[in-house]
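Chemist: Sharing a structure with you now.
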Amino acid sequence: MNEPRILVLFHSTGGATWKMARAVADGAADAGAAVTLKQVPEIAEAPSIQGPDYAEKRAAFADVPVAEPADLLACDGLALGTPVHFGSMSGALRVFLDRTGQMWFDGALIGKPATVFVGAGSGGGRESAILALWSLLGTHGMTLVPLGLRAAEVMDQSAVHGGSPLGAGTITRGAGERPSPAELAMARIQGAALAETAAALAADC
């Protein structure tokens, strides 16, 4: 396979996770992948979770296509992005992934590489949210692709950032522009790692 098909699928409530998703997509494309960027459907509870102005907050990326669970079958690698809600994934992403039960029963996603990135307002709960998604993806039998130490920015303590060896992240209420250049750099490297892993797995088949 010369051009792995990568799906970057995200839920964003204020735009930060969307910006991280674009960086992941850019990294995967730079690594030679054909990239599709989609968002999960919003849920009916959005006004009570995000506030009555939730639609205005999402206006900048409202034109990003909405995914269906079948999109997971069509890709060779999956990147999932979520805001951190109570130390886990958002409700909208959880509802979307709960619709993949038949895929789990059929073993349809076994072996497919997947990676996770996050956005957190305070920075708390980032790794627990990634681990929650890893548990779900692992139950599907997917091949987990962490960021690891591929990006030097992970170990850089000179500025506050939301990344970790588990995955790229942004602290949305941090000082300065968010996501920061370091956070976006980690996201791009993670996207490239996913694309390279998808291509390598396909070559071994």
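Residues in the structure tokens are numbered from 1 in each chain, the chains being A, B, ... in the order shown, and ligands are numbered from 1 in the order shown.
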Would you kindly return, as number ranges by chain, each protein, DNA or RNA residue with an atom no farther than 6 Å from any atom of region 1-13 of chain A, considering only C-alpha atoms and excluding same-chain residues fewer than 6 positions away?

Modeler: A: 32-40, 75-82, 199

Chemist: Those residues with N, CA and C atoms, as a tab-separated table (two decimals), in the first residue's frame please?

Modeler:
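Output file part_6.tsv follows:
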chain	number	residue	atom	x	y	z
A	32	GLY	N	2.65	10.85	3.77
A	32	GLY	CA	2.23	10.13	2.59
A	32	GLY	C	0.86	9.50	2.65
A	33	ALA	N	0.05	9.85	3.64
A	33	ALA	CA	-1.28	9.25	3.77
A	33	ALA	C	-2.34	10.08	3.05
A	34	ALA	N	-3.41	9.40	2.67
A	34	ALA	CA	-4.63	10.07	2.20
A	34	ALA	C	-5.50	10.28	3.43
A	35	VAL	N	-5.74	11.52	3.79
A	35	VAL	CA	-6.35	11.85	5.07
A	35	VAL	C	-7.78	12.36	4.90
A	36	THR	N	-8.66	11.86	5.74
A	36	THR	CA	-10.03	12.35	5.84
A	36	THR	C	-10.24	12.90	7.24
A	37	LEU	N	-10.72	14.11	7.34
A	37	LEU	CA	-10.98	14.77	8.62
A	37	LEU	C	-12.49	14.86	8.83
A	38	LYS	N	-12.97	14.26	9.91
A	38	LYS	CA	-14.41	14.29	10.20
A	38	LYS	C	-14.63	14.50	11.70
A	39	GLN	N	-15.85	14.95	12.03
A	39	GLN	CA	-16.23	15.12	13.42
A	39	GLN	C	-17.41	14.21	13.75
A	40	VAL	N	-17.54	13.89	15.04
A	40	VAL	CA	-18.66	13.05	15.45
A	40	VAL	C	-19.91	13.91	15.57
A	75	CYS	N	-11.14	3.10	6.70
A	75	CYS	CA	-9.80	3.65	6.86
A	75	CYS	C	-8.80	2.55	7.21
A	76	ASP	N	-7.51	2.87	7.00
A	76	ASP	CA	-6.42	1.96	7.37
A	76	ASP	C	-5.81	2.33	8.72
A	77	GLY	N	-6.12	3.52	9.21
A	77	GLY	CA	-5.64	3.97	10.50
A	77	GLY	C	-6.55	5.05	11.04
A	78	LEU	N	-6.71	5.09	12.37
A	78	LEU	CA	-7.68	5.98	13.00
A	78	LEU	C	-7.01	6.84	14.06
A	79	ALA	N	-7.22	8.16	13.98
A	79	ALA	CA	-6.81	9.09	15.04
A	79	ALA	C	-8.06	9.66	15.68
A	80	LEU	N	-8.16	9.55	16.98
A	80	LEU	CA	-9.32	10.03	17.73
A	80	LEU	C	-8.93	11.20	18.61
A	81	GLY	N	-9.70	12.30	18.52
A	81	GLY	CA	-9.46	13.45	19.37
A	81	GLY	C	-10.68	13.80	20.18
A	82	THR	N	-10.47	14.12	21.45
A	82	THR	CA	-11.59	14.43	22.33
A	82	THR	C	-11.23	15.51	23.33
A	199	ALA	N	1.03	2.13	7.12
A	199	ALA	CA	1.72	1.68	5.90
A	199	ALA	C	2.55	0.44	6.19

Chemist: Pick out the residues sitting within 10 Å of region 52-55 of chain A, and hand them over as a list of chain:residue names; count only C-alpha atoms, and ignore anything fewer than 6 positions along from it in its own chain.

Modeler: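 After dropping sequence-adjacent residues, the list is A:Thr13, A:Gly14, A:Glu42, A:Ala46, A:Ala62.
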
Chemist: Going by DSSP on the backbone, which residues of region 112-197 of chain A come out as strand (DSSP E)? List them as number ranges by chain.

Modeler: A: 113-120, 143-144, 169-171

Chemist: CA of Arg178 (chain A) and CA of Ala114 (chain A), how far apart in Å?

Modeler: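 CA of Ala114 (chain A) sits 24.5 Å away from CA of Arg178 (chain A).
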
Chemist: Counting only C-alpha atoms, which of A:Ala203, A:Ala67, A:Ile189, A:Leu73 gets nearest to Ala152 (chain A)?

Modeler: A:Ile189

Chemist: Find the spatial neighbours of Ala159 (chain A), counting only C-alpha atoms, within a cut-off of 12 Å - ignore same-chain residues fewer than 5 positions away - and output them as a ChimeraX atom specification.

Modeler: /A:153-154,171,174-176,180-183

Chemist: Could you give me, as a list in words, the residues within 9 Å of region 161-164 of chain A, counting only C-alpha atoms and dropping anything in the same chain fewer than 3 positions from it?

Modeler: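 Surrounding residues, per the criterion: Phe117, Val118, Gly119, Ala120, Gly123, Arg126, Glu127, Leu147, Gly148, Leu149, Glu153, Val154, Met155, Asp156, Gln157, Gly167, Ala168, Gly169, Thr170, Ile171, Thr172, Gly174, Pro179, Ser180, Ala182, Glu183, Met186 and Ala187 of chain A.
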
Chemist: The selected residues should be written to file as a compact mmCIF listing (two decimals), in the first residue's frame (atoms: N, CA and C atoms).

Modeler:
# COMPACT_ATOMS: atom_id res chain seq x y z
N PHE A 117 -5.54 11.76 20.79
CA PHE A 117 -5.06 13.06 21.24
C PHE A 117 -6.20 13.78 21.95
N VAL A 118 -5.87 14.77 22.78
CA VAL A 118 -6.89 15.36 23.65
C VAL A 118 -6.72 16.87 23.79
N GLY A 119 -7.78 17.49 24.29
CA GLY A 119 -7.76 18.88 24.71
C GLY A 119 -8.37 18.97 26.10
N ALA A 120 -7.69 19.66 27.01
CA ALA A 120 -8.18 19.76 28.39
C ALA A 120 -8.09 21.20 28.86
N GLY A 123 -5.89 21.04 32.05
CA GLY A 123 -4.78 20.11 31.93
C GLY A 123 -5.00 18.82 32.68
N ARG A 126 -5.91 14.43 31.34
CA ARG A 126 -5.52 14.14 29.96
C ARG A 126 -5.17 12.66 29.76
N GLU A 127 -4.31 12.15 30.60
CA GLU A 127 -3.87 10.76 30.40
C GLU A 127 -4.98 9.77 30.74
N LEU A 147 2.29 8.39 21.28
CA LEU A 147 3.28 9.35 20.80
C LEU A 147 4.68 8.94 21.24
N GLY A 148 4.79 8.40 22.46
CA GLY A 148 6.10 8.04 22.98
C GLY A 148 7.01 9.26 23.08
N LEU A 149 8.28 9.07 22.81
CA LEU A 149 9.24 10.18 22.82
C LEU A 149 9.65 10.55 21.41
N GLU A 153 9.45 17.72 22.11
CA GLU A 153 8.62 18.63 22.91
C GLU A 153 7.99 17.93 24.12
N VAL A 154 7.84 16.61 24.04
CA VAL A 154 7.23 15.88 25.16
C VAL A 154 8.03 16.09 26.45
N MET A 155 9.34 16.11 26.35
CA MET A 155 10.21 16.22 27.53
C MET A 155 10.62 17.65 27.83
N ASP A 156 10.18 18.60 27.03
CA ASP A 156 10.56 20.00 27.23
C ASP A 156 9.75 20.60 28.38
N GLN A 157 10.42 21.00 29.44
CA GLN A 157 9.74 21.57 30.60
C GLN A 157 9.85 23.09 30.66
N GLY A 167 0.11 10.58 24.31
CA GLY A 167 -0.48 11.25 23.15
C GLY A 167 -0.37 12.75 23.25
N ALA A 168 -0.51 13.40 22.11
CA ALA A 168 -0.49 14.86 22.05
C ALA A 168 -1.73 15.42 22.75
N GLY A 169 -1.58 16.61 23.30
CA GLY A 169 -2.70 17.25 23.96
C GLY A 169 -2.46 18.74 24.06
N THR A 170 -3.53 19.46 24.31
CA THR A 170 -3.42 20.90 24.53
C THR A 170 -4.12 21.27 25.83
N ILE A 171 -3.52 22.21 26.57
CA ILE A 171 -4.16 22.77 27.75
C ILE A 171 -4.82 24.06 27.29
N THR A 172 -6.12 24.01 27.09
CA THR A 172 -6.81 25.09 26.37
C THR A 172 -6.85 26.40 27.14
N GLY A 174 -4.32 27.44 29.01
CA GLY A 174 -2.95 27.83 29.29
C GLY A 174 -2.64 29.21 28.75
N PRO A 179 -4.03 25.81 20.65
CA PRO A 179 -2.85 25.05 21.03
C PRO A 179 -1.56 25.82 20.75
N SER A 180 -0.54 25.56 21.55
CA SER A 180 0.73 26.23 21.38
C SER A 180 1.49 25.60 20.22
N ALA A 182 4.30 24.13 20.30
CA ALA A 182 4.82 22.83 20.74
C ALA A 182 3.73 21.76 20.72
N GLU A 183 2.53 22.13 21.15
CA GLU A 183 1.43 21.17 21.16
C GLU A 183 1.06 20.75 19.73
N MET A 186 3.69 18.33 18.33
CA MET A 186 3.50 16.95 18.81
C MET A 186 2.37 16.27 18.06
N ALA A 187 1.31 17.02 17.79
CA ALA A 187 0.17 16.45 17.05
C ALA A 187 0.58 16.04 15.65

Chemist: Please identify all polymer residues within 7 Å of Ser128 (chain A), counting only C-alpha atoms, omitting same-chain residues fewer than 4 positions from it, and present them as a ChimeraX atom specification.

Modeler: /A:87-88,132

Chemist: Let's have the selection written as a PDB file, in the first residue's frame, with N, CA and C atoms.

Modeler:
ATOM      1  N   GLY A  87     -12.323  13.690  33.260  1.00  0.00           N
ATOM      2  CA  GLY A  87     -11.233  12.723  33.204  1.00  0.00           C
ATOM      3  C   GLY A  87     -11.413  11.638  32.172  1.00  0.00           C
ATOM      4  N   SER A  88     -12.349  11.808  31.250  1.00  0.00           N
ATOM      5  CA  SER A  88     -12.587  10.789  30.230  1.00  0.00           C
ATOM      6  C   SER A  88     -12.930  11.477  28.915  1.00  0.00           C
ATOM      7  N   ALA A 132      -8.800   5.764  28.836  1.00  0.00           N
ATOM      8  CA  ALA A 132     -10.182   5.300  28.659  1.00  0.00           C
ATOM      9  C   ALA A 132     -10.428   4.919  27.207  1.00  0.00           C
TER      10      ALA A 132
END

Chemist: As a PyMOL selection string, please: every residue in region 98-127 of chain A that a backbone DSSP assignment puts in alpha helix (DSSP H).

Modeler: chain A and resi 98+101-106+126-127

Chemist: Between A:Met142, A:Val116, A:Ala25, A:Ala16, which is the closest to Leu201 (chain A) once you count only C-alpha atoms?

Modeler: A:Met142

Chemist: Out of A:Gly91, A:Gly27, A:Gly107, A:Gly138, which residue has the shortest atom-to-atom distance to Gln190 (chain A) when counting only C-alpha atoms?

Modeler: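 Of A:Gly91, A:Gly27, A:Gly107, A:Gly138, the one nearest Gln190 (chain A), counting only C-alpha atoms, is A:Gly27.
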
Chemist: Could you please determine the separation between CA of Ala28 (chain A) and CA of Thr143 (chain A) in Å, to one decimal place?

Modeler: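 Answer for the CA of Ala28 (chain A) to CA of Thr143 (chain A) separation: 16.7 Å.
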
Chemist: Hey, can you check how far CA of Ser122 (chain A) sits from CA of Leu194 (chain A)?

Modeler: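 Atom-to-atom, CA of Ser122 (chain A) to CA of Leu194 (chain A), that is 27.0 Å.
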